[in-house]
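Notes to accompany the following structure.
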Amino acid sequence: MREINWGGVYFSPMLFFVLISLVAAVVLRLIIFKSPLGRFVLQEAWFDVALFCCLLAGVTWLAGSFSATF
């Protein structure tokens, strides 16, 4: 993976992975807490952190596997 050049400014791909993961975590959190599954979550803050980390790992892995094929 390489930096993304936008108007002469270089951005790390990790910045975009974090943004994608953050949006996905917010959406999944809303879905989970609106459903009956939300009552099984004991520590909401730790759940949010764990969900974000898992999504970030998944997005990074997917991006790495796609960049290896192209």
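Naming scheme: A, B, ... for chains in displayed order of the structure tokens; residues 1 onward per chain; ligands 1 onward as shown.
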Run DSSP on the backbone and tell me which residues of chain A come out as helix (DSSP H, G or I); list them as a PyMOL selection string. chain A and resi 13-34+36-40+44-69
Region 4-23 of chain A near region 48-62 of chain A within 8 Å: what's each residue's closest atom pair and its distance in Å to one decimal, counting only C-alpha atoms, ordered by chain then ascending residue number, as CSV?
residue,atom,partner,partner_atom,distance
A:Met14,CA,A:Thr60,CA,7.8
A:Phe17,CA,A:Val59,CA,6.3
A:Val18,CA,A:Leu56,CA,6.3
A:Ile20,CA,A:Val59,CA,7.8
A:Ser21,CA,A:Leu56,CA,5.3
A:Leu22,CA,A:Phe52,CA,6.4
Surrounding residues of Val41 (chain A) excluding itself and chain neighbours under 5 positions, 12 Å, only C-alpha atoms, as a PyMOL selection string: chain A and resi 29+32-33+35-36+46-48+50-51
For the selection just defined, write its residues with N, CA, C and O atoms to a file, as a JSON list (two decimals), in the first residue's frame.
[["chain", "number", "residue", "atom", "x", "y", "z"],
["A", 29, "ARG", "N", -23.17, -0.46, 15.85],
["A", 29, "ARG", "CA", -23.54, -0.21, 17.24],
["A", 29, "ARG", "C", -25.01, 0.19, 17.34],
["A", 29, "ARG", "O", -25.73, -0.29, 18.22],
["A", 32, "ILE", "N", -27.11, -2.96, 16.75],
["A", 32, "ILE", "CA", -27.05, -3.90, 17.86],
["A", 32, "ILE", "C", -27.85, -3.39, 19.06],
["A", 32, "ILE", "O", -28.59, -4.15, 19.70],
["A", 33, "PHE", "N", -27.73, -2.11, 19.38],
["A", 33, "PHE", "CA", -28.41, -1.60, 20.56],
["A", 33, "PHE", "C", -29.90, -1.35, 20.33],
["A", 33, "PHE", "O", -30.65, -1.20, 21.29],
["A", 35, "SER", "N", -31.62, -3.63, 18.63],
["A", 35, "SER", "CA", -32.13, -5.01, 18.62],
["A", 35, "SER", "C", -32.07, -5.59, 20.03],
["A", 35, "SER", "O", -31.47, -5.01, 20.94],
["A", 36, "PRO", "N", -32.65, -6.75, 20.22],
["A", 36, "PRO", "CA", -32.59, -7.41, 21.54],
["A", 36, "PRO", "C", -31.17, -7.84, 21.93],
["A", 36, "PRO", "O", -30.93, -8.13, 23.11],
["A", 46, "TRP", "N", -16.22, -0.68, 26.42],
["A", 46, "TRP", "CA", -15.30, -1.72, 25.97],
["A", 46, "TRP", "C", -15.83, -2.41, 24.71],
["A", 46, "TRP", "O", -15.06, -2.80, 23.83],
["A", 47, "PHE", "N", -17.13, -2.54, 24.63],
["A", 47, "PHE", "CA", -17.73, -3.12, 23.43],
["A", 47, "PHE", "C", -17.45, -2.25, 22.21],
["A", 47, "PHE", "O", -17.11, -2.75, 21.14],
["A", 48, "ASP", "N", -17.59, -0.92, 22.38],
["A", 48, "ASP", "CA", -17.33, 0.00, 21.27],
["A", 48, "ASP", "C", -15.88, -0.08, 20.81],
["A", 48, "ASP", "O", -15.60, -0.11, 19.60],
["A", 50, "ALA", "N", -13.76, -2.63, 21.22],
["A", 50, "ALA", "CA", -13.51, -3.94, 20.61],
["A", 50, "ALA", "C", -14.12, -4.03, 19.22],
["A", 50, "ALA", "O", -13.49, -4.57, 18.29],
["A", 51, "LEU", "N", -15.32, -3.50, 19.04],
["A", 51, "LEU", "CA", -15.97, -3.51, 17.73],
["A", 51, "LEU", "C", -15.15, -2.71, 16.73],
["A", 51, "LEU", "O", -14.91, -3.17, 15.60]]
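Here the strand (DSSP E or B) residues in chain A, by DSSP on the backbone, are Ile4, Asn5, Trp6, Val9, Tyr10 and Phe11 of chain A.
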File dump, residues just selected, N, CA, C and O atoms, as a PDB file, in the first residue's frame:
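Result written to part_27.pdb:
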ATOM      1  N   ILE A   4      -1.564   8.163  -0.543  1.00  0.00           N
ATOM      2  CA  ILE A   4      -2.487   8.694  -1.535  1.00  0.00           C
ATOM      3  C   ILE A   4      -2.201  10.188  -1.674  1.00  0.00           C
ATOM      4  O   ILE A   4      -2.238  10.928  -0.700  1.00  0.00           O
ATOM      5  N   ASN A   5      -1.886  10.599  -2.895  1.00  0.00           N
ATOM      6  CA  ASN A   5      -1.568  11.993  -3.171  1.00  0.00           C
ATOM      7  C   ASN A   5      -2.850  12.726  -3.547  1.00  0.00           C
ATOM      8  O   ASN A   5      -3.534  12.375  -4.500  1.00  0.00           O
ATOM      9  N   TRP A   6      -3.170  13.766  -2.774  1.00  0.00           N
ATOM     10  CA  TRP A   6      -4.355  14.551  -3.056  1.00  0.00           C
ATOM     11  C   TRP A   6      -3.987  16.027  -2.963  1.00  0.00           C
ATOM     12  O   TRP A   6      -3.812  16.572  -1.885  1.00  0.00           O
ATOM     13  N   VAL A   9      -0.702  16.799  -1.167  1.00  0.00           N
ATOM     14  CA  VAL A   9      -0.625  16.357   0.225  1.00  0.00           C
ATOM     15  C   VAL A   9      -0.756  14.832   0.244  1.00  0.00           C
ATOM     16  O   VAL A   9      -1.667  14.281  -0.370  1.00  0.00           O
ATOM     17  N   TYR A  10       0.161  14.189   0.931  1.00  0.00           N
ATOM     18  CA  TYR A  10       0.149  12.736   1.001  1.00  0.00           C
ATOM     19  C   TYR A  10      -0.599  12.269   2.245  1.00  0.00           C
ATOM     20  O   TYR A  10      -0.363  12.749   3.350  1.00  0.00           O
ATOM     21  N   PHE A  11      -1.541  11.355   2.045  1.00  0.00           N
ATOM     22  CA  PHE A  11      -2.320  10.779   3.127  1.00  0.00           C
ATOM     23  C   PHE A  11      -1.997   9.302   3.256  1.00  0.00           C
ATOM     24  O   PHE A  11      -1.867   8.600   2.252  1.00  0.00           O
TER      25      PHE A  11
END
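Atom pair CA of Phe40 (chain A) / CA of Val23 (chain A): separated by 22.4 Å.
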Just the number, please: distance in Å from CA of Ala25 (chain A) to CA of Gly64 (chain A), one decimal. 20.0 Å
